[in-house]
Amino acid sequence: MTTTSAPPDELISDRHLNLLSVVLLLGAITTILDTTIVNVALDHLHDVFQASVADTQWVASAYLLALAGVIPLTGWAVERFGARKVWIIAVSLFLLGSALCGFAWDLPSLIGFRVLQGIGGGMVLPVTITILTQAAGPARLGRAMSAVMLPAQLAPILGPVIGGTIVDTINWNWLFFVNVPLCLLALALAPKYLPADRPKPGHRLDFFGFTLLTPGLVALAYGISEAGGSGFGATNVWVPMAAGVFLIACFTVYSLRTKGSALIDVRMFRRRNFALASTITFVSGFSLFAGMFLLPLFYQVVRGNSALVTGLLLIPQGLGTVAFLLASERLSRFVDTRLTVAGGIVLTMIGVLPFAFSGGSGNDILLLVGQFVRGVGVGASLQPIMALAFAGLARAEIPNASAAFSVVQRIGAPFGVTVVAVLLQGYLAEAGTSGAIIDAFDATFWWVFGFSALPLLLAFFLPSGRSSVTRS
């Protein structure tokens, strides 16, 4: 087979970059979609396997914990084996896990195969970021980040639609078999379009750092996942969260003091742009990502829509984000980066208002318009921030930075969403009527509106200029 891969130190053409983005997206979108597709079907799986709700929840939790636990290894793996090889291995593991999940004969086997899925899926996104960032170069960094953002924005929309359709019309096994053709296509195209790179065979794994960071992330992620149902005061929540924070703190001290190559070099966070982008990404969990969590619940609980209809109603938000991503490269030539991000956050706040004022019977058109506005704001907020995180980094620093940034994303977004979920749960616990349930959602949307002040304030500390983030 002929290959169009560029030499490792040369940038590829625009056409090749577009084709490369498509191949990488085929692999990435399945790993992100798999979360929302399966979450929609948990109640159905509970009936299929005649299991308790708590046991069935591990179908989702096992995947998410494996996802978080494997991320620290990606930076080392990319340097040791090469980004293209690691991406192919990761997608292959996800493909194998998906096929085995589809053939699972009981709940324990399904949970075990979900762990295998998560190990592959957890490596795909950070390696995707590494490949795209290195291939695009500084001048096309904004375009690369737009491609990375697409799966994350499409998953909340397509997941409920696909998952609801499969459960209602086919069979639960196809929740996992649906990944197989996309992964096979991605793997078939990868050797031709993924750039070759030079691995470092002698690059050793930091085993001590691994024993600190990976258990720490898994413990923290587990505590956060349990907090949504038990609250932060429950023993099964604060104990693993405290253990996770302690282990991560120990790793941070170790990484700062080690003279060798730590699993993740936390000195990366001393860089102003990377630290600022990571901080904004983390606090956005309380507003941008929490809003994505609330919208489907609003339609299902307050408006009584099915999962399938809810997915269709969420389409305007995705369209808004895609609209911004398509216009972002041209917009970056005329609008200051700080204004783009701050304006995007303001748009997300405006998009929340129709839901906060809806009273459960708001105008459908106004709600859909609010979603579109919010979607534009999400794109304007997140795309420049992701580009900022990697702007100015040397090529050799990108694998480590991708892993570090992915850790922030995997912890920050769920933590912010869980805080908002706990707030909503508290309001609902006191709600005895349908009117009180509506009031609970209205109040929680106002919390999301208020939390948006955090990233909005930080946006004004971003570097000024029309090209400092998106194009350099």
# chains A, B, ... in the order shown; residues from 1 in each chain; ligands from 1
$ residues_around --residues "A:Leu185" --least-positions-apart "6" --cutoff "10 Å" --atoms "only C-alpha atoms" --output "list in words"
Val23, Leu26 and Gly27 of chain A
$ write_last_selection --atoms "C-alpha atoms" --output "compact mmCIF listing (two decimals), in the first residue's frame"
# COMPACT_ATOMS: atom_id res chain seq x y z
CA VAL A 23 -9.64 9.34 10.15
CA LEU A 26 -13.73 8.07 13.19
CA GLY A 27 -11.78 6.60 16.08
$ residues_around --residues "A:Phe460" --least-positions-apart "6" --cutoff "12 Å" --atoms "only C-alpha atoms" --output "NGL selection string"
:A and (276-277 or 280 or 336-343 or 345 or 453-454)
$ write_last_selection --atoms "C-alpha atoms" --output "PDB file, in the first residue's frame"
ATOM      1  CA  LEU A 276      -4.626  29.284  32.351  1.00  0.00           C
ATOM      2  CA  ALA A 277      -6.208  27.106  29.656  1.00  0.00           C
ATOM      3  CA  ILE A 280     -10.579  27.569  32.542  1.00  0.00           C
ATOM      4  CA  ASP A 336      -9.369  39.453  19.778  1.00  0.00           C
ATOM      5  CA  THR A 337      -8.999  36.059  21.441  1.00  0.00           C
ATOM      6  CA  ARG A 338     -10.116  37.357  24.823  1.00  0.00           C
ATOM      7  CA  LEU A 339     -13.266  38.824  23.301  1.00  0.00           C
ATOM      8  CA  THR A 340     -13.983  35.572  21.462  1.00  0.00           C
ATOM      9  CA  VAL A 341     -13.776  33.481  24.630  1.00  0.00           C
ATOM     10  CA  ALA A 342     -15.535  36.021  26.867  1.00  0.00           C
ATOM     11  CA  GLY A 343     -18.225  36.548  24.229  1.00  0.00           C
ATOM     12  CA  ILE A 345     -19.178  32.444  27.697  1.00  0.00           C
ATOM     13  CA  ALA A 453     -18.762  33.948  36.100  1.00  0.00           C
ATOM     14  CA  LEU A 454     -15.670  31.837  36.927  1.00  0.00           C
TER      15      LEU A 454
END
$ closest_residue --among "A:Leu20, A:Leu25, A:Val167, A:Leu158" --to "A:Asp47" --atoms "only C-alpha atoms"
A:Val167
$ residues_around --residues "A:Asp439" --least-positions-apart "5" --cutoff "12 Å" --atoms "only C-alpha atoms" --output "PyMOL selection string"
chain A and resi 298+302+355-361+424+427-428+430-434+444-446
$ write_last_selection --atoms "C-alpha atoms" --output "short mmCIF file (atom, residue, chain, number, x, y, z; two decimals), in the first residue's frame"
data_model
loop_
_atom_site.label_atom_id
_atom_site.label_comp_id
_atom_site.auth_asym_id
_atom_site.auth_seq_id
_atom_site.Cartn_x
_atom_site.Cartn_y
_atom_site.Cartn_z
CA PHE A 298 -34.96 19.02 31.65
CA VAL A 302 -39.88 18.32 33.19
CA PHE A 355 -34.63 27.40 30.52
CA ALA A 356 -34.24 29.27 33.81
CA PHE A 357 -37.37 31.32 33.03
CA SER A 358 -39.33 28.52 31.35
CA GLY A 359 -41.39 27.42 34.32
CA GLY A 360 -41.68 24.05 32.62
CA SER A 361 -43.86 25.37 29.82
CA LEU A 424 -30.36 19.52 41.64
CA TYR A 427 -33.79 20.67 45.34
CA LEU A 428 -35.66 17.61 44.05
CA GLU A 430 -37.69 18.76 48.81
CA ALA A 431 -40.01 18.82 45.80
CA GLY A 432 -43.39 17.25 46.50
CA THR A 433 -45.30 18.54 43.48
CA SER A 434 -44.75 18.92 39.75
CA THR A 444 -30.29 24.76 39.16
CA PHE A 445 -30.15 26.56 35.81
CA TRP A 446 -29.56 29.79 37.73
#
$ atom_distance --atom1 "atom CA of A:Leu325" --atom2 "atom CA of A:Gly379"
6.4 Å
$ residues_around --residues "A:Val352" --least-positions-apart "5" --cutoff "12 Å" --atoms "only C-alpha atoms" --output "VMD selection string"
chain A and resid 287 to 288 290 to 292 294 to 295 298 317 345 to 347 357 to 358 366 to 375 377 to 378 441 to 452
$ write_last_selection --atoms "N, CA and C atoms" --output "compact mmCIF listing (two decimals), in the first residue's frame"
# COMPACT_ATOMS: atom_id res chain seq x y z
N SER A 287 -20.19 25.01 34.54
CA SER A 287 -21.11 25.82 33.73
C SER A 287 -21.35 25.21 32.36
N LEU A 288 -20.33 25.17 31.51
CA LEU A 288 -20.52 24.68 30.14
C LEU A 288 -20.94 23.21 30.14
N ALA A 290 -21.85 21.32 32.77
CA ALA A 290 -23.03 21.08 33.61
C ALA A 290 -24.30 21.43 32.85
N GLY A 291 -24.24 22.44 32.00
CA GLY A 291 -25.40 22.78 31.18
C GLY A 291 -25.76 21.67 30.23
N MET A 292 -24.74 21.01 29.65
CA MET A 292 -24.99 19.89 28.76
C MET A 292 -25.65 18.72 29.50
N LEU A 294 -27.66 19.15 32.19
CA LEU A 294 -29.00 19.54 32.63
C LEU A 294 -30.04 19.52 31.50
N LEU A 295 -29.63 19.91 30.30
CA LEU A 295 -30.60 20.06 29.21
C LEU A 295 -31.37 18.77 28.92
N PHE A 298 -33.83 18.10 31.70
CA PHE A 298 -34.96 19.02 31.65
C PHE A 298 -36.04 18.51 30.70
N GLN A 317 -28.21 22.74 19.67
CA GLN A 317 -26.99 23.07 20.40
C GLN A 317 -25.76 22.60 19.61
N ILE A 345 -18.63 32.76 26.37
CA ILE A 345 -19.18 32.44 27.70
C ILE A 345 -20.46 33.23 27.95
N VAL A 346 -20.50 34.49 27.53
CA VAL A 346 -21.72 35.29 27.67
C VAL A 346 -22.86 34.66 26.87
N LEU A 347 -22.56 34.16 25.67
CA LEU A 347 -23.60 33.51 24.86
C LEU A 347 -24.13 32.25 25.56
N PHE A 357 -36.10 30.59 32.95
CA PHE A 357 -37.37 31.32 33.03
C PHE A 357 -38.55 30.49 32.53
N SER A 358 -38.29 29.26 32.07
CA SER A 358 -39.33 28.52 31.35
C SER A 358 -40.53 28.16 32.20
N LEU A 366 -38.30 29.31 21.51
CA LEU A 366 -37.33 30.07 22.30
C LEU A 366 -36.30 29.14 22.94
N LEU A 367 -36.73 27.97 23.40
CA LEU A 367 -35.80 27.01 23.98
C LEU A 367 -34.81 26.50 22.94
N LEU A 368 -35.30 26.24 21.74
CA LEU A 368 -34.41 25.76 20.67
C LEU A 368 -33.42 26.84 20.26
N VAL A 369 -33.90 28.09 20.18
CA VAL A 369 -33.00 29.21 19.86
C VAL A 369 -31.95 29.37 20.95
N GLY A 370 -32.39 29.23 22.21
CA GLY A 370 -31.45 29.31 23.33
C GLY A 370 -30.37 28.25 23.23
N GLN A 371 -30.75 27.06 22.82
CA GLN A 371 -29.76 26.00 22.63
C GLN A 371 -28.75 26.33 21.55
N PHE A 372 -29.26 26.87 20.43
CA PHE A 372 -28.35 27.23 19.33
C PHE A 372 -27.36 28.30 19.79
N VAL A 373 -27.88 29.32 20.48
CA VAL A 373 -27.01 30.39 21.00
C VAL A 373 -25.98 29.81 21.96
N ARG A 374 -26.45 28.93 22.81
CA ARG A 374 -25.54 28.29 23.77
C ARG A 374 -24.48 27.46 23.03
N GLY A 375 -24.88 26.74 21.97
CA GLY A 375 -23.93 25.95 21.20
C GLY A 375 -22.85 26.80 20.57
N GLY A 377 -21.83 29.60 21.75
CA GLY A 377 -20.99 30.01 22.86
C GLY A 377 -20.03 28.94 23.33
N VAL A 378 -20.49 27.69 23.34
CA VAL A 378 -19.62 26.57 23.73
C VAL A 378 -18.42 26.47 22.79
N PHE A 441 -35.49 22.68 38.83
CA PHE A 441 -34.69 22.84 37.61
C PHE A 441 -34.39 24.31 37.34
N ASP A 442 -35.38 25.17 37.55
CA ASP A 442 -35.15 26.61 37.33
C ASP A 442 -34.01 27.10 38.22
N ALA A 443 -34.03 26.70 39.50
CA ALA A 443 -32.98 27.14 40.43
C ALA A 443 -31.61 26.61 40.02
N THR A 444 -31.58 25.35 39.55
CA THR A 444 -30.29 24.76 39.16
C THR A 444 -29.75 25.45 37.91
N PHE A 445 -30.61 25.81 36.98
CA PHE A 445 -30.15 26.56 35.81
C PHE A 445 -29.56 27.91 36.22
N TRP A 446 -30.12 28.53 37.24
CA TRP A 446 -29.56 29.79 37.73
C TRP A 446 -28.18 29.57 38.35
N TRP A 447 -27.97 28.41 39.00
CA TRP A 447 -26.63 28.09 39.50
C TRP A 447 -25.63 27.98 38.34
N VAL A 448 -26.04 27.31 37.27
CA VAL A 448 -25.17 27.20 36.09
C VAL A 448 -24.85 28.58 35.54
N PHE A 449 -25.85 29.44 35.49
CA PHE A 449 -25.66 30.82 35.04
C PHE A 449 -24.63 31.52 35.92
N GLY A 450 -24.76 31.37 37.24
CA GLY A 450 -23.83 32.01 38.16
C GLY A 450 -22.42 31.44 38.08
N PHE A 451 -22.31 30.13 37.94
CA PHE A 451 -20.99 29.50 37.85
C PHE A 451 -20.22 29.98 36.61
N SER A 452 -20.93 30.45 35.61
CA SER A 452 -20.27 30.93 34.38
C SER A 452 -19.39 32.13 34.64
$ residues_around --residues "A:Phe324" --least-positions-apart "4" --cutoff "10 Å" --atoms "only C-alpha atoms" --output "tab-separated table (two decimals) with C-alpha atoms, in the first residue's frame"
chain	number	residue	atom	x	y	z
A	146	SER	CA	-11.94	22.31	15.98
A	319	LEU	CA	-25.53	22.92	15.18
A	320	GLY	CA	-24.54	26.08	17.02
A	328	SER	CA	-13.68	30.21	13.64
A	329	GLU	CA	-10.66	30.40	11.34
A	331	LEU	CA	-13.28	35.04	12.75
A	344	GLY	CA	-18.68	32.80	23.95
A	375	GLY	CA	-23.93	25.95	21.20
A	376	VAL	CA	-22.24	28.87	19.47
A	377	GLY	CA	-20.99	30.01	22.86
A	378	VAL	CA	-19.62	26.57	23.73
A	379	GLY	CA	-17.60	26.52	20.53
A	380	ALA	CA	-16.34	30.09	21.01
A	383	GLN	CA	-11.95	25.93	20.85
$ residues_around --residues "stretch 118-125 of chain A" --least-positions-apart "5" --cutoff "9 Å" --atoms "only C-alpha atoms" --output "JSON, numbers by chain"
{"A": [24, 27, 28, 30, 31, 32, 62, 63, 64, 65, 66, 67, 68, 69, 70, 71, 72, 73, 74, 86, 87, 88, 89, 90, 91, 92, 93, 94, 95, 97, 113, 130, 148, 402, 403, 406]}
$ residues_around --residues "A:Trp76" --least-positions-apart "3" --cutoff "8 Å" --atoms "only C-alpha atoms" --output "NGL selection string"
:A and (72-73 or 79-80 or 203-205 or 263 or 399-400)
$ closest_residue --among "A:Thr56, A:Gln425, A:Ser13, A:Asn18" --to "A:Ala144" --atoms "only C-alpha atoms"
A:Asn18
$ select_by_dssp --residues "stretch 417-469 of chain A" --states "alpha helix (DSSP H)" --output "MDAnalysis selection string"
chainID A and resid 417:429 434:451 453:459
$ write_last_selection --atoms "N, CA and C atoms" --output "JSON list (two decimals), in the first residue's frame"
[["chain", "number", "residue", "atom", "x", "y", "z"],
["A", 417, "VAL", "N", -19.94, 18.83, 36.84],
["A", 417, "VAL", "CA", -21.27, 18.26, 36.57],
["A", 417, "VAL", "C", -21.85, 17.64, 37.84],
["A", 418, "THR", "N", -21.00, 16.95, 38.61],
["A", 418, "THR", "CA", -21.48, 16.30, 39.83],
["A", 418, "THR", "C", -21.94, 17.32, 40.86],
["A", 419, "VAL", "N", -21.20, 18.42, 40.99],
["A", 419, "VAL", "CA", -21.62, 19.48, 41.92],
["A", 419, "VAL", "C", -23.01, 19.98, 41.56],
["A", 420, "VAL", "N", -23.24, 20.23, 40.27],
["A", 420, "VAL", "CA", -24.55, 20.71, 39.82],
["A", 420, "VAL", "C", -25.60, 19.62, 40.03],
["A", 421, "ALA", "N", -25.22, 18.35, 39.78],
["A", 421, "ALA", "CA", -26.17, 17.25, 39.99],
["A", 421, "ALA", "C", -26.58, 17.14, 41.45],
["A", 422, "VAL", "N", -25.62, 17.34, 42.36],
["A", 422, "VAL", "CA", -25.93, 17.29, 43.79],
["A", 422, "VAL", "C", -26.86, 18.44, 44.17],
["A", 423, "LEU", "N", -26.62, 19.62, 43.60],
["A", 423, "LEU", "CA", -27.52, 20.75, 43.85],
["A", 423, "LEU", "C", -28.95, 20.42, 43.39],
["A", 424, "LEU", "N", -29.05, 19.88, 42.17],
["A", 424, "LEU", "CA", -30.36, 19.52, 41.64],
["A", 424, "LEU", "C", -31.03, 18.46, 42.51],
["A", 425, "GLN", "N", -30.24, 17.47, 42.93],
["A", 425, "GLN", "CA", -30.79, 16.39, 43.76],
["A", 425, "GLN", "C", -31.32, 16.95, 45.08],
["A", 426, "GLY", "N", -30.61, 17.93, 45.64],
["A", 426, "GLY", "CA", -31.05, 18.55, 46.87],
["A", 426, "GLY", "C", -32.38, 19.27, 46.72],
["A", 427, "TYR", "N", -32.52, 19.98, 45.61],
["A", 427, "TYR", "CA", -33.79, 20.67, 45.34],
["A", 427, "TYR", "C", -34.92, 19.66, 45.11],
["A", 428, "LEU", "N", -34.62, 18.60, 44.36],
["A", 428, "LEU", "CA", -35.66, 17.61, 44.05],
["A", 428, "LEU", "C", -36.10, 16.85, 45.29],
["A", 429, "ALA", "N", -35.18, 16.67, 46.25],
["A", 429, "ALA", "CA", -35.53, 15.94, 47.47],
["A", 429, "ALA", "C", -36.61, 16.66, 48.27],
["A", 434, "SER", "N", -45.35, 18.68, 41.07],
["A", 434, "SER", "CA", -44.75, 18.92, 39.75],
["A", 434, "SER", "C", -44.23, 20.35, 39.66],
["A", 435, "GLY", "N", -44.93, 21.29, 40.29],
["A", 435, "GLY", "CA", -44.48, 22.67, 40.29],
["A", 435, "GLY", "C", -43.15, 22.83, 41.01],
["A", 436, "ALA", "N", -42.99, 22.09, 42.10],
["A", 436, "ALA", "CA", -41.73, 22.16, 42.85],
["A", 436, "ALA", "C", -40.58, 21.55, 42.05],
["A", 437, "ILE", "N", -40.87, 20.52, 41.28],
["A", 437, "ILE", "CA", -39.84, 19.91, 40.42],
["A", 437, "ILE", "C", -39.38, 20.92, 39.37],
["A", 438, "ILE", "N", -40.33, 21.64, 38.80],
["A", 438, "ILE", "CA", -39.99, 22.67, 37.82],
["A", 438, "ILE", "C", -39.13, 23.76, 38.47],
["A", 439, "ASP", "N", -39.52, 24.16, 39.68],
["A", 439, "ASP", "CA", -38.75, 25.18, 40.40],
["A", 439, "ASP", "C", -37.33, 24.69, 40.69],
["A", 440, "ALA", "N", -37.18, 23.39, 40.95],
["A", 440, "ALA", "CA", -35.86, 22.82, 41.23],
["A", 440, "ALA", "C", -34.95, 22.97, 40.00],
["A", 441, "PHE", "N", -35.49, 22.68, 38.83],
["A", 441, "PHE", "CA", -34.69, 22.84, 37.61],
["A", 441, "PHE", "C", -34.39, 24.31, 37.34],
["A", 442, "ASP", "N", -35.38, 25.17, 37.55],
["A", 442, "ASP", "CA", -35.15, 26.61, 37.33],
["A", 442, "ASP", "C", -34.01, 27.10, 38.22],
["A", 443, "ALA", "N", -34.03, 26.70, 39.50],
["A", 443, "ALA", "CA", -32.98, 27.14, 40.43],
["A", 443, "ALA", "C", -31.61, 26.61, 40.02],
["A", 444, "THR", "N", -31.58, 25.35, 39.55],
["A", 444, "THR", "CA", -30.29, 24.76, 39.16],
["A", 444, "THR", "C", -29.75, 25.45, 37.91],
["A", 445, "PHE", "N", -30.61, 25.81, 36.98],
["A", 445, "PHE", "CA", -30.15, 26.56, 35.81],
["A", 445, "PHE", "C", -29.56, 27.91, 36.22],
["A", 446, "TRP", "N", -30.12, 28.53, 37.24],
["A", 446, "TRP", "CA", -29.56, 29.79, 37.73],
["A", 446, "TRP", "C", -28.18, 29.57, 38.35],
["A", 447, "TRP", "N", -27.97, 28.41, 39.00],
["A", 447, "TRP", "CA", -26.63, 28.09, 39.50],
["A", 447, "TRP", "C", -25.63, 27.98, 38.34],
["A", 448, "VAL", "N", -26.04, 27.31, 37.27],
["A", 448, "VAL", "CA", -25.17, 27.20, 36.09],
["A", 448, "VAL", "C", -24.85, 28.58, 35.54],
["A", 449, "PHE", "N", -25.85, 29.44, 35.49],
["A", 449, "PHE", "CA", -25.66, 30.82, 35.04],
["A", 449, "PHE", "C", -24.63, 31.52, 35.92],
["A", 450, "GLY", "N", -24.76, 31.37, 37.24],
["A", 450, "GLY", "CA", -23.83, 32.01, 38.16],
["A", 450, "GLY", "C", -22.42, 31.44, 38.08],
["A", 451, "PHE", "N", -22.31, 30.13, 37.94],
["A", 451, "PHE", "CA", -20.99, 29.50, 37.85],
["A", 451, "PHE", "C", -20.22, 29.98, 36.61],
["A", 453, "ALA", "N", -19.60, 32.79, 35.77],
["A", 453, "ALA", "CA", -18.76, 33.95, 36.10],
["A", 453, "ALA", "C", -17.30, 33.55, 36.29],
["A", 454, "LEU", "N", -17.05, 32.29, 36.70],
["A", 454, "LEU", "CA", -15.67, 31.84, 36.93],
["A", 454, "LEU", "C", -14.85, 31.84, 35.63],
["A", 455, "PRO", "N", -15.27, 31.10, 34.59],
["A", 455, "PRO", "CA", -14.49, 31.16, 33.35],
["A", 455, "PRO", "C", -14.54, 32.53, 32.69],
["A", 456, "LEU", "N", -15.64, 33.27, 32.86],
["A", 456, "LEU", "CA", -15.74, 34.61, 32.27],
["A", 456, "LEU", "C", -14.67, 35.53, 32.84],
["A", 457, "LEU", "N", -14.48, 35.48, 34.15],
["A", 457, "LEU", "CA", -13.46, 36.31, 34.78],
["A", 457, "LEU", "C", -12.06, 35.93, 34.30],
["A", 458, "LEU", "N", -11.80, 34.62, 34.23],
["A", 458, "LEU", "CA", -10.48, 34.15, 33.80],
["A", 458, "LEU", "C", -10.21, 34.48, 32.33],
["A", 459, "ALA", "N", -11.25, 34.61, 31.54],
["A", 459, "ALA", "CA", -11.07, 34.89, 30.10],
["A", 459, "ALA", "C", -10.32, 36.20, 29.87]]
$ atom_distance --atom1 "atom CA of A:Thr128" --atom2 "atom CA of A:Phe274"
18.2 Å
$ closest_residue --among "A:Val161, A:Val78, A:Ile37, A:Ile350" --to "A:Thr310" --atoms "only C-alpha atoms"
A:Val161
$ closest_residue --among "A:Gln409, A:Ser464, A:Asn173, A:Ser255" --to "A:Pro126" --atoms "only C-alpha atoms"
A:Gln409
